[in-house]
file protein_4.txt (compact mmCIF, C-alpha atoms and all ligand atoms)
# COMPACT_ATOMS: atom_id res chain seq x y z
CA MET H 1309 33.60 35.28 -1.69
CA LYS H 1310 37.24 34.99 -2.63
CA LYS H 1311 38.79 31.53 -2.51
CA ILE H 1312 41.49 31.01 0.10
CA ALA H 1313 44.68 29.08 -0.69
CA LEU H 1314 47.35 27.91 1.73
CA ILE H 1315 50.80 27.14 0.31
CA PHE H 1316 53.46 25.12 2.12
CA GLY H 1317 56.79 25.90 0.46
CA VAL H 1318 55.73 29.41 -0.55
CA THR H 1319 59.33 30.72 -0.47
CA GLY H 1320 60.54 28.18 -3.06
CA GLN H 1321 60.58 28.42 -6.85
CA ASP H 1322 57.12 26.94 -7.41
CA GLY H 1323 55.64 28.67 -4.35
CA ALA H 1324 56.52 32.04 -5.85
CA TYR H 1325 55.02 31.27 -9.28
CA LEU H 1326 51.91 29.67 -7.76
CA SER H 1327 51.31 32.61 -5.41
CA LYS H 1328 51.44 35.02 -8.33
CA LEU H 1329 49.10 32.87 -10.40
CA LEU H 1330 46.53 32.56 -7.58
CA LEU H 1331 46.64 36.29 -6.81
CA LYS H 1332 45.90 36.97 -10.47
CA LYS H 1333 42.95 34.59 -10.15
CA ASN H 1334 41.68 36.69 -7.28
CA TYR H 1335 42.48 34.28 -4.44
CA VAL H 1336 43.52 35.26 -0.95
CA VAL H 1337 46.88 33.52 -0.56
CA HIS H 1338 48.47 32.42 2.70
CA GLY H 1339 51.99 31.01 2.70
CA ILE H 1340 54.03 29.17 5.30
CA LYS H 1341 57.63 30.20 5.70
CA ARG H 1342 60.28 28.64 7.91
CA ARG H 1343 62.20 30.66 10.43
CA SER H 1344 65.65 31.19 8.96
CA SER H 1345 68.70 33.11 10.19
CA SER H 1346 68.92 34.90 6.85
CA LEU H 1347 66.17 36.21 4.59
CA ASN H 1348 64.39 33.49 2.61
CA THR H 1349 61.60 35.51 0.98
CA GLN H 1350 63.48 37.00 -2.00
CA ARG H 1351 61.26 35.23 -4.54
CA ILE H 1352 58.06 36.70 -3.12
CA ASP H 1353 59.24 40.09 -1.88
CA ASP H 1354 57.56 41.78 -4.85
CA ILE H 1355 54.07 40.60 -3.79
CA TYR H 1356 54.51 40.87 -0.03
CA LEU H 1357 53.06 44.09 1.37
CA ASP H 1358 52.96 45.49 4.86
CA PRO H 1359 50.49 43.10 6.61
CA HIS H 1360 48.94 46.08 8.39
CA LYS H 1361 47.61 47.26 5.04
CA LYS H 1362 44.88 45.55 3.06
CA THR H 1363 46.46 42.73 1.09
CA ASN H 1364 45.57 39.36 -0.39
CA PHE H 1365 48.92 37.79 0.43
CA TYR H 1366 49.89 36.74 3.95
CA LEU H 1367 52.89 34.91 5.38
CA HIS H 1368 52.94 32.81 8.55
CA TYR H 1369 55.75 31.03 10.34
CA GLY H 1370 55.42 27.26 10.37
CA ASP H 1371 57.29 24.06 9.69
CA LEU H 1372 56.31 20.74 8.15
CA THR H 1373 58.24 18.90 10.86
CA ASN H 1374 55.91 20.30 13.51
CA SER H 1375 52.42 18.71 13.52
CA LEU H 1376 50.87 21.22 15.86
CA SER H 1377 52.05 24.21 13.84
CA VAL H 1378 50.59 22.63 10.69
CA LEU H 1379 47.27 21.92 12.42
CA LYS H 1380 46.94 25.36 14.02
CA ILE H 1381 47.60 27.17 10.75
CA ILE H 1382 45.02 25.15 8.84
CA GLU H 1383 42.49 25.71 11.64
CA LYS H 1384 43.13 29.45 11.59
CA ILE H 1385 43.18 30.00 7.81
CA LYS H 1386 40.37 27.57 6.87
CA PRO H 1387 41.61 27.33 3.29
CA ASN H 1388 39.63 26.02 0.32
CA GLU H 1389 42.81 24.70 -1.28
CA ILE H 1390 46.11 23.52 0.20
CA TYR H 1391 49.20 23.14 -1.99
CA ASN H 1392 51.98 21.11 -0.39
CA LEU H 1393 55.12 22.28 -2.16
CA GLY H 1394 57.27 22.14 0.97
CA ALA H 1395 60.16 19.67 0.83
CA GLN H 1396 63.85 19.10 1.26
CA SER H 1397 63.87 18.99 -2.53
CA HIS H 1398 67.53 18.43 -3.43
CA VAL H 1399 68.17 14.86 -4.57
CA GLY H 1400 71.93 14.94 -3.94
CA VAL H 1401 71.52 16.46 -0.47
CA SER H 1402 68.96 13.78 0.44
CA PHE H 1403 71.83 11.25 0.54
CA ASP H 1404 73.53 13.43 3.20
CA VAL H 1405 70.39 14.02 5.29
CA PRO H 1406 68.09 11.06 4.57
CA GLU H 1407 66.28 11.09 7.92
CA TYR H 1408 65.57 14.82 7.77
CA THR H 1409 64.44 14.44 4.14
CA ALA H 1410 61.99 11.71 5.18
CA ASN H 1411 60.71 13.85 8.05
CA VAL H 1412 59.91 16.86 5.85
CA THR H 1413 59.27 15.34 2.44
CA ALA H 1414 57.36 12.20 3.51
CA LEU H 1415 55.92 12.81 6.99
CA GLY H 1416 55.21 16.49 6.26
CA THR H 1417 52.54 15.36 3.80
CA LEU H 1418 50.99 13.02 6.37
CA ARG H 1419 50.92 15.86 8.91
CA ILE H 1420 48.86 18.05 6.56
CA LEU H 1421 46.46 15.25 5.62
CA ASP H 1422 46.01 14.25 9.25
CA ALA H 1423 45.35 17.85 10.26
CA ILE H 1424 42.61 18.12 7.61
CA LEU H 1425 41.06 14.98 9.03
CA THR H 1426 41.44 15.94 12.71
CA LEU H 1427 39.80 19.30 11.98
CA LYS H 1428 36.99 17.51 10.08
CA MET H 1429 37.65 19.74 7.08
CA GLN H 1430 37.79 16.97 4.49
CA LYS H 1431 34.66 18.28 2.74
CA LYS H 1432 35.94 21.87 2.60
CA ILE H 1433 39.59 21.53 1.60
CA LYS H 1434 41.13 20.37 -1.69
CA PHE H 1435 44.72 19.15 -1.40
CA TYR H 1436 47.57 19.16 -3.92
CA GLN H 1437 50.70 17.06 -3.36
CA ALA H 1438 53.90 17.93 -5.22
CA GLY H 1439 54.97 14.56 -6.56
CA THR H 1440 57.94 14.05 -8.83
CA SER H 1441 59.41 12.13 -11.74
CA GLU H 1442 62.18 11.11 -9.29
CA MET H 1443 59.68 8.49 -8.09
CA PHE H 1444 60.11 6.68 -11.43
CA GLY H 1445 63.86 6.54 -10.89
CA ALA H 1446 65.16 3.47 -12.67
CA SER H 1447 61.96 2.79 -14.66
CA LYS H 1448 62.50 3.33 -18.39
CA PRO H 1449 61.01 6.30 -20.28
CA PRO H 1450 58.50 7.37 -21.39
CA GLN H 1451 57.07 7.47 -17.86
CA SER H 1452 53.31 7.91 -17.36
CA GLU H 1453 50.79 7.55 -14.51
CA LYS H 1454 50.97 3.78 -15.11
CA THR H 1455 54.75 3.42 -14.84
CA LEU H 1456 56.19 1.53 -11.88
CA PHE H 1457 57.90 3.62 -9.19
CA TYR H 1458 61.54 2.64 -8.61
CA PRO H 1459 63.08 5.57 -6.70
CA ARG H 1460 66.86 5.94 -6.57
CA SER H 1461 67.36 8.40 -3.70
CA PRO H 1462 66.10 9.03 -0.15
CA TYR H 1463 64.26 12.01 -1.67
CA GLY H 1464 62.56 9.82 -4.29
CA VAL H 1465 61.60 7.25 -1.65
CA ALA H 1466 60.13 9.96 0.60
CA LYS H 1467 58.06 11.28 -2.31
CA VAL H 1468 56.72 7.79 -3.04
CA TYR H 1469 55.46 7.67 0.56
CA SER H 1470 53.75 11.04 0.07
CA HIS H 1471 52.20 9.86 -3.18
CA TRP H 1472 50.64 6.78 -1.63
CA ILE H 1473 49.55 8.41 1.64
CA THR H 1474 47.75 11.03 -0.46
CA ILE H 1475 45.94 8.28 -2.38
CA ASN H 1476 45.20 6.40 0.83
CA TYR H 1477 43.61 9.43 2.51
CA ARG H 1478 41.62 10.13 -0.66
CA GLU H 1479 40.24 6.58 -0.70
CA ALA H 1480 39.85 6.09 3.06
CA TYR H 1481 38.42 9.49 4.03
CA ASN H 1482 37.12 10.94 0.79
CA ILE H 1483 39.52 13.88 0.83
CA PHE H 1484 39.78 15.72 -2.49
CA ALA H 1485 43.52 15.05 -2.88
CA CYS H 1486 45.59 15.03 -6.08
CA ASN H 1487 49.15 14.03 -6.84
CA GLY H 1488 50.91 15.98 -9.56
CA ILE H 1489 53.84 13.93 -10.85
CA LEU H 1490 55.93 16.76 -12.19
CA PHE H 1491 59.07 16.36 -14.25
CA ASN H 1492 61.97 18.80 -13.78
CA HIS H 1493 60.94 22.42 -14.11
CA GLU H 1494 63.17 25.42 -13.92
CA SER H 1495 63.06 29.22 -14.14
CA PRO H 1496 65.11 32.27 -13.17
CA PHE H 1497 63.86 31.51 -9.61
CA ARG H 1498 65.43 28.03 -9.57
CA GLY H 1499 67.62 27.27 -6.52
CA GLU H 1500 71.33 27.88 -7.20
CA THR H 1501 72.44 24.28 -6.64
CA PHE H 1502 70.18 22.65 -9.25
CA VAL H 1503 72.05 21.90 -12.44
CA THR H 1504 70.37 24.26 -14.94
CA LYS H 1505 70.69 27.27 -12.66
CA LYS H 1506 74.24 26.32 -11.70
CA ILE H 1507 75.21 26.11 -15.39
CA VAL H 1508 73.49 29.39 -16.30
CA THR H 1509 75.00 31.29 -13.37
CA GLY H 1510 78.46 29.77 -13.84
CA LEU H 1511 78.65 30.37 -17.58
CA CYS H 1512 77.19 33.90 -17.40
CA GLU H 1513 79.83 34.84 -14.82
CA ILE H 1514 82.64 33.29 -16.89
CA PHE H 1515 81.32 35.06 -20.01
CA LEU H 1516 81.20 38.48 -18.35
CA LYS H 1517 84.54 38.15 -16.53
CA GLY H 1518 86.35 36.43 -19.41
CA SER H 1519 87.51 33.59 -17.15
CA GLY H 1520 86.46 31.27 -14.30
CA LYS H 1521 85.65 27.62 -13.78
CA LEU H 1522 82.57 25.51 -13.25
CA TYR H 1523 82.63 22.04 -11.65
CA LEU H 1524 79.89 19.58 -12.54
CA GLY H 1525 79.00 15.90 -12.09
CA ASN H 1526 77.24 13.55 -14.52
CA LEU H 1527 76.95 15.32 -17.90
CA TYR H 1528 75.08 12.43 -19.50
CA ALA H 1529 71.98 12.26 -17.27
CA LYS H 1530 68.88 12.92 -19.38
CA ARG H 1531 66.07 15.10 -18.13
CA ASP H 1532 62.69 16.35 -19.32
CA TRP H 1533 62.90 20.06 -18.49
CA GLY H 1534 59.98 22.50 -18.47
CA HIS H 1535 59.23 25.98 -17.11
CA ALA H 1536 57.86 26.39 -13.56
CA GLU H 1537 55.34 28.98 -14.73
CA ASP H 1538 53.64 26.38 -16.96
CA TYR H 1539 53.77 23.69 -14.28
CA VAL H 1540 52.08 25.64 -11.47
CA LEU H 1541 49.13 26.23 -13.80
CA ALA H 1542 48.73 22.46 -14.03
CA MET H 1543 48.66 22.21 -10.20
CA TRP H 1544 45.80 24.69 -10.05
CA LYS H 1545 43.92 22.97 -12.88
CA MET H 1546 44.04 19.64 -11.02
CA LEU H 1547 42.19 21.15 -8.06
CA GLN H 1548 39.48 22.64 -10.31
CA LYS H 1549 38.41 19.23 -11.65
CA LYS H 1550 35.23 17.52 -10.40
CA LYS H 1551 37.10 14.38 -9.32
CA PRO H 1552 40.53 14.18 -7.68
CA MET H 1553 43.08 12.40 -9.87
CA ASP H 1554 46.83 12.05 -10.34
CA TYR H 1555 48.58 13.50 -13.38
CA VAL H 1556 52.02 13.45 -14.99
CA ILE H 1557 53.17 16.90 -16.09
CA SER H 1558 56.06 17.01 -18.54
CA SER H 1559 57.32 18.46 -21.80
CA GLY H 1560 57.77 15.02 -23.39
CA LYS H 1561 61.24 16.00 -24.61
CA GLN H 1562 64.54 14.85 -23.20
CA TYR H 1563 68.04 16.35 -23.26
CA THR H 1564 71.36 15.62 -21.55
CA VAL H 1565 73.00 17.99 -19.08
CA LYS H 1566 75.73 18.44 -21.71
CA TYR H 1567 73.18 19.55 -24.29
CA PHE H 1568 71.85 22.15 -21.84
CA ILE H 1569 75.42 23.50 -21.58
CA HIS H 1570 75.50 23.65 -25.38
CA ILE H 1571 72.27 25.70 -25.48
CA VAL H 1572 73.60 28.17 -22.90
CA CYS H 1573 76.97 28.58 -24.66
CA LYS H 1574 75.26 29.12 -28.00
CA LYS H 1575 73.02 31.84 -26.61
CA LEU H 1576 76.02 33.55 -24.96
CA GLY H 1577 78.06 33.24 -28.17
CA MET H 1578 80.77 31.17 -26.42
CA LYS H 1579 82.51 28.65 -28.67
CA ILE H 1580 83.65 25.80 -26.42
CA THR H 1581 85.48 22.56 -27.24
CA TRP H 1582 85.40 19.34 -25.23
CA LYS H 1583 88.40 17.12 -24.49
CA GLY H 1584 88.94 13.98 -22.41
CA LYS H 1585 86.56 11.34 -21.06
CA GLY H 1586 84.91 10.39 -17.76
CA LEU H 1587 86.30 12.29 -14.78
CA ASN H 1588 88.88 13.90 -17.12
CA GLU H 1589 86.33 15.41 -19.46
CA ARG H 1590 86.62 19.20 -19.64
CA ALA H 1591 85.44 22.14 -21.74
CA TYR H 1592 87.74 24.84 -23.10
CA TRP H 1593 86.93 28.42 -24.02
CA LYS H 1594 89.58 30.73 -25.40
CA ASN H 1595 92.19 27.99 -24.65
CA LYS H 1596 91.29 27.90 -20.94
CA ILE H 1597 89.47 25.14 -19.07
CA ILE H 1598 86.07 26.48 -18.00
CA ILE H 1599 84.25 23.23 -17.07
CA SER H 1600 85.73 20.26 -15.18
CA ILE H 1601 84.18 17.18 -13.64
CA ASP H 1602 84.17 16.78 -9.86
CA LYS H 1603 83.08 13.40 -8.55
CA ARG H 1604 81.51 14.97 -5.46
CA TYR H 1605 78.56 15.94 -7.69
CA PHE H 1606 77.82 12.34 -8.65
CA ARG H 1607 75.10 10.57 -6.68
CA PRO H 1608 75.52 7.11 -5.11
CA THR H 1609 72.60 6.00 -7.30
CA GLU H 1610 71.62 8.12 -10.29
CA VAL H 1611 68.41 8.53 -12.26
CA THR H 1612 69.78 8.39 -15.78
CA SER H 1613 66.81 8.95 -18.05
CA LEU H 1614 63.54 10.82 -17.53
CA ARG H 1615 60.99 11.69 -20.20
CA GLY H 1616 57.34 12.07 -19.31
CA ASP H 1617 54.19 11.07 -21.11
CA SER H 1618 51.69 13.77 -20.11
CA ARG H 1619 48.91 12.91 -22.56
CA LYS H 1620 46.38 12.40 -19.75
CA ALA H 1621 46.93 15.94 -18.40
CA ARG H 1622 46.92 17.47 -21.86
CA LYS H 1623 43.56 15.84 -22.61
CA GLU H 1624 41.74 16.03 -19.28
CA LEU H 1625 43.17 19.28 -17.90
CA LYS H 1626 43.56 20.91 -21.31
CA TRP H 1627 47.08 21.77 -20.18
CA LYS H 1628 49.86 22.60 -22.61
CA PRO H 1629 53.26 24.16 -21.86
CA ARG H 1630 53.96 27.57 -23.42
CA HIS H 1631 57.73 27.32 -23.04
CA ASN H 1632 60.33 24.97 -24.49
CA ILE H 1633 63.92 24.34 -23.41
CA TYR H 1634 65.26 27.14 -25.64
CA SER H 1635 62.88 29.83 -24.38
CA LEU H 1636 63.48 28.60 -20.81
CA ALA H 1637 67.28 28.77 -21.09
CA SER H 1638 67.07 32.12 -22.83
CA GLU H 1639 64.92 33.65 -20.07
CA MET H 1640 67.20 32.23 -17.36
CA ILE H 1641 70.28 33.69 -19.09
CA ASP H 1642 68.73 37.14 -19.63
CA GLU H 1643 67.69 37.36 -15.97
CA GLU H 1644 71.09 36.11 -14.78
CA LEU H 1645 73.02 38.62 -16.88
CA LYS H 1646 70.80 41.39 -15.51
CA ARG H 1647 71.36 40.17 -11.95
CA ILE H 1648 75.15 39.96 -12.27
CA LYS H 1649 75.39 43.38 -13.93
CA THR H 1650 73.34 45.08 -11.22
P1 LIG I 1 62.28 24.49 -3.63
O1 LIG I 1 62.60 25.72 -4.42
O2 LIG I 1 63.39 23.72 -3.03
O3 LIG I 1 61.24 24.92 -2.49
C1 LIG I 1 60.95 24.07 -1.41
C2 LIG I 1 60.13 24.84 -0.41
O4 LIG I 1 59.91 24.00 0.73
C3 LIG I 1 60.82 26.11 0.13
O5 LIG I 1 59.86 27.11 0.31
C4 LIG I 1 61.37 25.63 1.47
O6 LIG I 1 61.59 26.68 2.39
C5 LIG I 1 60.21 24.74 1.90
N1 LIG I 1 60.58 23.86 3.02
C6 LIG I 1 61.69 23.10 3.15
N2 LIG I 1 61.67 22.46 4.34
C7 LIG I 1 60.53 22.84 4.97
C8 LIG I 1 59.97 22.56 6.23
N3 LIG I 1 60.58 21.75 7.11
N4 LIG I 1 58.79 23.12 6.55
C9 LIG I 1 58.16 23.96 5.69
N5 LIG I 1 58.66 24.29 4.47
C10 LIG I 1 59.83 23.73 4.12
O7 LIG I 1 61.44 23.48 -4.53
P2 LIG I 1 60.59 23.76 -5.86
O8 LIG I 1 61.47 23.53 -7.03
O9 LIG I 1 59.82 25.03 -5.71
O10 LIG I 1 59.59 22.52 -5.82
C11 LIG I 1 58.35 22.59 -5.12
C12 LIG I 1 57.90 21.19 -4.75
O11 LIG I 1 57.76 20.40 -5.92
C13 LIG I 1 58.87 20.43 -3.86
O12 LIG I 1 58.11 19.61 -3.01
C14 LIG I 1 59.67 19.57 -4.83
O13 LIG I 1 60.14 18.42 -4.17
C15 LIG I 1 58.60 19.25 -5.85
N6 LIG I 1 59.06 19.02 -7.22
C16 LIG I 1 59.89 19.91 -7.82
C17 LIG I 1 60.28 19.70 -9.14
C18 LIG I 1 61.19 20.67 -9.85
O14 LIG I 1 61.77 20.28 -10.88
N7 LIG I 1 61.31 21.92 -9.39
C19 LIG I 1 59.80 18.57 -9.83
C20 LIG I 1 58.94 17.71 -9.17
C21 LIG I 1 58.56 17.93 -7.87
P3 LIG I 1 62.98 27.53 2.41
O15 LIG I 1 62.84 28.56 1.32
O16 LIG I 1 63.00 28.10 3.76
O17 LIG I 1 64.07 26.55 2.12
N1 LIG I 2 72.56 19.50 -8.84
C1 LIG I 2 73.52 19.11 -9.70
N2 LIG I 2 74.75 19.71 -9.62
N3 LIG I 2 73.24 18.15 -10.60
C2 LIG I 2 74.21 17.81 -11.47
C3 LIG I 2 75.48 18.40 -11.46
C4 LIG I 2 75.76 19.39 -10.47
O1 LIG I 2 76.85 19.93 -10.39
N4 LIG I 2 76.21 17.86 -12.47
C5 LIG I 2 75.44 16.97 -13.08
N5 LIG I 2 74.22 16.91 -12.49
C6 LIG I 2 73.11 16.02 -12.86
C7 LIG I 2 72.50 15.26 -11.68
O2 LIG I 2 73.29 14.10 -11.37
C8 LIG I 2 71.14 14.90 -12.28
O3 LIG I 2 71.23 13.73 -13.05
C9 LIG I 2 70.82 16.06 -13.21
O4 LIG I 2 72.05 16.79 -13.36
C10 LIG I 2 69.77 17.02 -12.68
O5 LIG I 2 70.11 17.37 -11.36
P1 LIG I 2 69.28 18.48 -10.53
O6 LIG I 2 69.20 19.73 -11.31
O7 LIG I 2 69.86 18.52 -9.16
O8 LIG I 2 67.80 17.89 -10.54
P2 LIG I 2 67.24 16.44 -10.19
O9 LIG I 2 66.73 15.85 -11.47
O10 LIG I 2 68.19 15.64 -9.42
O11 LIG I 2 66.03 16.80 -9.24
C11 LIG I 2 65.13 17.88 -9.55
O12 LIG I 2 64.06 17.40 -10.33
C12 LIG I 2 63.21 16.44 -9.68
C13 LIG I 2 62.16 16.03 -10.70
O13 LIG I 2 62.67 15.03 -11.52
C14 LIG I 2 64.66 18.47 -8.22
O14 LIG I 2 63.95 19.67 -8.49
C15 LIG I 2 63.73 17.53 -7.48
O15 LIG I 2 63.16 18.19 -6.35
C16 LIG I 2 62.61 17.10 -8.45
O16 LIG I 2 61.73 16.22 -7.81
call {"tool": "encode", "arguments": {"input": "protein_4.txt", "output": "structure tokens"}}
result
Amino acid sequence: MKKIALIFGVTGQDGAYLSKLLLKKNYVVHGIKRRSSSLNTQRIDDIYLDPHKKTNFYLHYGDLTNSLSVLKIIEKIKPNEIYNLGAQSHVGVSFDVPEYTANVTALGTLRILDAILTLKMQKKIKFYQAGTSEMFGASKPPQSEKTLFYPRSPYGVAKVYSHWITINYREAYNIFACNGILFNHESPFRGETFVTKKIVTGLCEIFLKGSGKLYLGNLYAKRDWGHAEDYVLAMWKMLQKKKPMDYVISSGKQYTVKYFIHIVCKKLGMKITWKGKGLNERAYWKNKIIISIDKRYFRPTEVTSLRGDSRKARKELKWKPRHNIYSLASEMIDEELKRIKT
């Protein structure tokens, strides 16, 4: 019998990589997509077939803000594994829509756990919760499973709720439930408003057109960036263990946003020079300003330094990333150049 997986957040970056991984592992994959006025399935269009034909990949409408829709889908699909990747996942935006962020990103997790319980499926279903390094917030690096949570955004706070409600349901009701505490991970499928993708897209366009301008916020934030393809493998590995546990997943290396710009420029062969400080800092290419600072991209409270200690996952899950920041940036640039040219 094939295993059945249900993915909330299937249309996002990680949902797309995880779906492809599980299909390769011979799962039947069901994904929940939100109703949207424009198409939101671009990342999975290549694996989605006409549902009238025989396929191992199915999409269903649903929404994490709607308990009954969550419950009915789980009852219908009867999955062996549920991956909760659904979230309002943009940290900056969470300051603009904190209540909505809490509804989806915190209470959405509770709705899934409660549905498992209500349906008495706690013995059948394994549950993965997409936790984040944002939960560490102001705590100093390196951050591990033992580091104190000190979130610095409504998004981070919502994820801390999800983390603890997952542990509570595991302890109270014996649900096989794991928290992955994943550090930033990127790919050509990354959403356009996250900083790596924004930099890659902006600089590729400027490079091809010979001019243009990119506006950014804090260039000195430090992040631990990995590749989404490596990180979804860790999610799956967590659910294959005998005992449910929580794991940090990270590269262990840390770079500034400015250094990421440097990597991209180097790969594109663009020689840039920096002038000015603070809000007046700017980058020049061929004597023209191509990067300026715009304070709208600063957050009211920032997470300045993230670097994960993933030794537990490397030992117990035998997980190791295949990519590094250079191969990641290179792949993102190649795909972006292809996209712009076509
Ligand atoms: P993403 O690209 O923003 O995808 C989020 C997914 O959630 C999308 O499929 C989105 O649907 C869906 N979603 C949003 N609101 C929903 C709702 N009300 N009901 C149902 N689905 C909803 O995020 P990602 O980068 O793939 O990340 C996956 C998960 O890991 C998220 O929970 C994120 O918070 C967490 N995480 C990400 C990182 C990272 O660096 N990428 C690190 C740590 C943790 P639409 O396509 O319709 O918007
Ligand atoms: N988005 C964005 N846009 N960020 C910018 C910009 C800009 O123009 N300029 C500078 N930054 C800085 C942000 O202030 C932040 O310090 C850093 O770049 C990374 O920002 P994002 O790429 O938006 O990612 P994030 O770290 O805030 O959040 C991502 O990673 C988390 C894991 O640590 C998201 O994927 C979250 O969902 C995830 O949990």
call {"tool": "closest_atom_pairs", "arguments": {"input": "protein_4.txt", "of": "region 1356-1458 of chain H", "to": "region 1503-1527 of chain H", "cutoff": "12 Å", "atoms": "only C-alpha atoms", "output": "JSON lines"}}
result
{"residue": "H:His1398", "atom": "CA", "partner": "H:Val1503", "partner_atom": "CA", "distance": 10.7}
{"residue": "H:Val1399", "atom": "CA", "partner": "H:Val1503", "partner_atom": "CA", "distance": 11.2}
{"residue": "H:Gly1400", "atom": "CA", "partner": "H:Gly1525", "partner_atom": "CA", "distance": 10.8}
call {"tool": "residues_near_ligand", "arguments": {"input": "protein_4.txt", "ligand": "ligand LIG 2 (chain I)", "cutoff": "9 Å", "atoms": "all atoms listed in the file", "output": "PyMOL selection string"}}
result
chain H and resi 1395-1401+1438-1445+1463-1464+1467+1489-1494+1498-1507+1522-1533+1564-1566+1601-1602+1604-1607+1610-1614
call {"tool": "closest_residue", "arguments": {"input": "protein_4.txt", "among": "H:Thr1650, H:Asn1348, H:Ser1452, H:Ser1558", "to": "ligand LIG 1 (chain I)", "atoms": "all atoms listed in the file"}}
result
H:Asn1348
call {"tool": "closest_residue", "arguments": {"input": "protein_4.txt", "among": "H:Ile1340, H:Leu1314, H:Leu1418, H:Leu1329", "to": "ligand LIG 1 (chain I)", "atoms": "all atoms listed in the file"}}
result
H:Ile1340
call {"tool": "atom_distance", "arguments": {"input": "protein_4.txt", "atom1": "CA of Ala1410 (chain H)", "atom2": "CA of Ser1470 (chain H)"}}
result
9.7 Å
call {"tool": "closest_residue", "arguments": {"input": "protein_4.txt", "among": "H:Asn1388, H:Ser1559, H:Asn1334, H:Ser1600", "to": "ligand LIG 1 (chain I)", "atoms": "only C-alpha atoms and all ligand atoms"}}
result
H:Ser1559
call {"tool": "closest_residue", "arguments": {"input": "protein_4.txt", "among": "H:Lys1454, H:Lys1311, H:Lys1432, H:Arg1460", "to": "Asn1482 (chain H)", "atoms": "all atoms listed in the file"}}
result
H:Lys1432
call {"tool": "build_atoms", "arguments": {"input": "protein_4.txt", "residues": "region 1613-1626 of chain H", "atoms": "N, CA and C atoms", "output": "CSV table (one decimal), in the frame of the given file"}}
result
chain,number,residue,atom,x,y,z
H,1613,SER,N,67.6,8.6,-16.9
H,1613,SER,CA,66.8,9.0,-18.0
H,1613,SER,C,65.3,9.2,-17.7
H,1614,LEU,N,64.9,10.5,-17.8
H,1614,LEU,CA,63.5,10.8,-17.5
H,1614,LEU,C,62.9,11.5,-18.8
H,1615,ARG,N,61.8,11.0,-19.1
H,1615,ARG,CA,61.0,11.7,-20.2
H,1615,ARG,C,59.5,11.3,-20.0
H,1616,GLY,N,58.7,12.3,-19.7
H,1616,GLY,CA,57.3,12.1,-19.3
H,1616,GLY,C,56.4,12.0,-20.5
H,1617,ASP,N,55.3,11.2,-20.2
H,1617,ASP,CA,54.2,11.1,-21.1
H,1617,ASP,C,53.0,11.8,-20.4
H,1618,SER,N,52.7,13.0,-20.8
H,1618,SER,CA,51.7,13.8,-20.1
H,1618,SER,C,50.4,13.9,-20.9
H,1619,ARG,N,50.1,12.8,-21.7
H,1619,ARG,CA,48.9,12.9,-22.6
H,1619,ARG,C,47.6,13.0,-21.7
H,1620,LYS,N,47.6,12.4,-20.6
H,1620,LYS,CA,46.4,12.4,-19.8
H,1620,LYS,C,46.1,13.8,-19.3
H,1621,ALA,N,47.1,14.5,-18.8
H,1621,ALA,CA,46.9,15.9,-18.4
H,1621,ALA,C,46.6,16.8,-19.6
H,1622,ARG,N,47.2,16.6,-20.7
H,1622,ARG,CA,46.9,17.5,-21.9
H,1622,ARG,C,45.5,17.3,-22.3
H,1623,LYS,N,44.9,16.1,-22.2
H,1623,LYS,CA,43.6,15.8,-22.6
H,1623,LYS,C,42.6,16.3,-21.5
H,1624,GLU,N,42.8,15.8,-20.3
H,1624,GLU,CA,41.7,16.0,-19.3
H,1624,GLU,C,41.8,17.4,-18.6
H,1625,LEU,N,43.0,17.9,-18.5
H,1625,LEU,CA,43.2,19.3,-17.9
H,1625,LEU,C,43.2,20.4,-19.0
H,1626,LYS,N,43.3,20.0,-20.2
H,1626,LYS,CA,43.6,20.9,-21.3
H,1626,LYS,C,44.8,21.8,-21.0
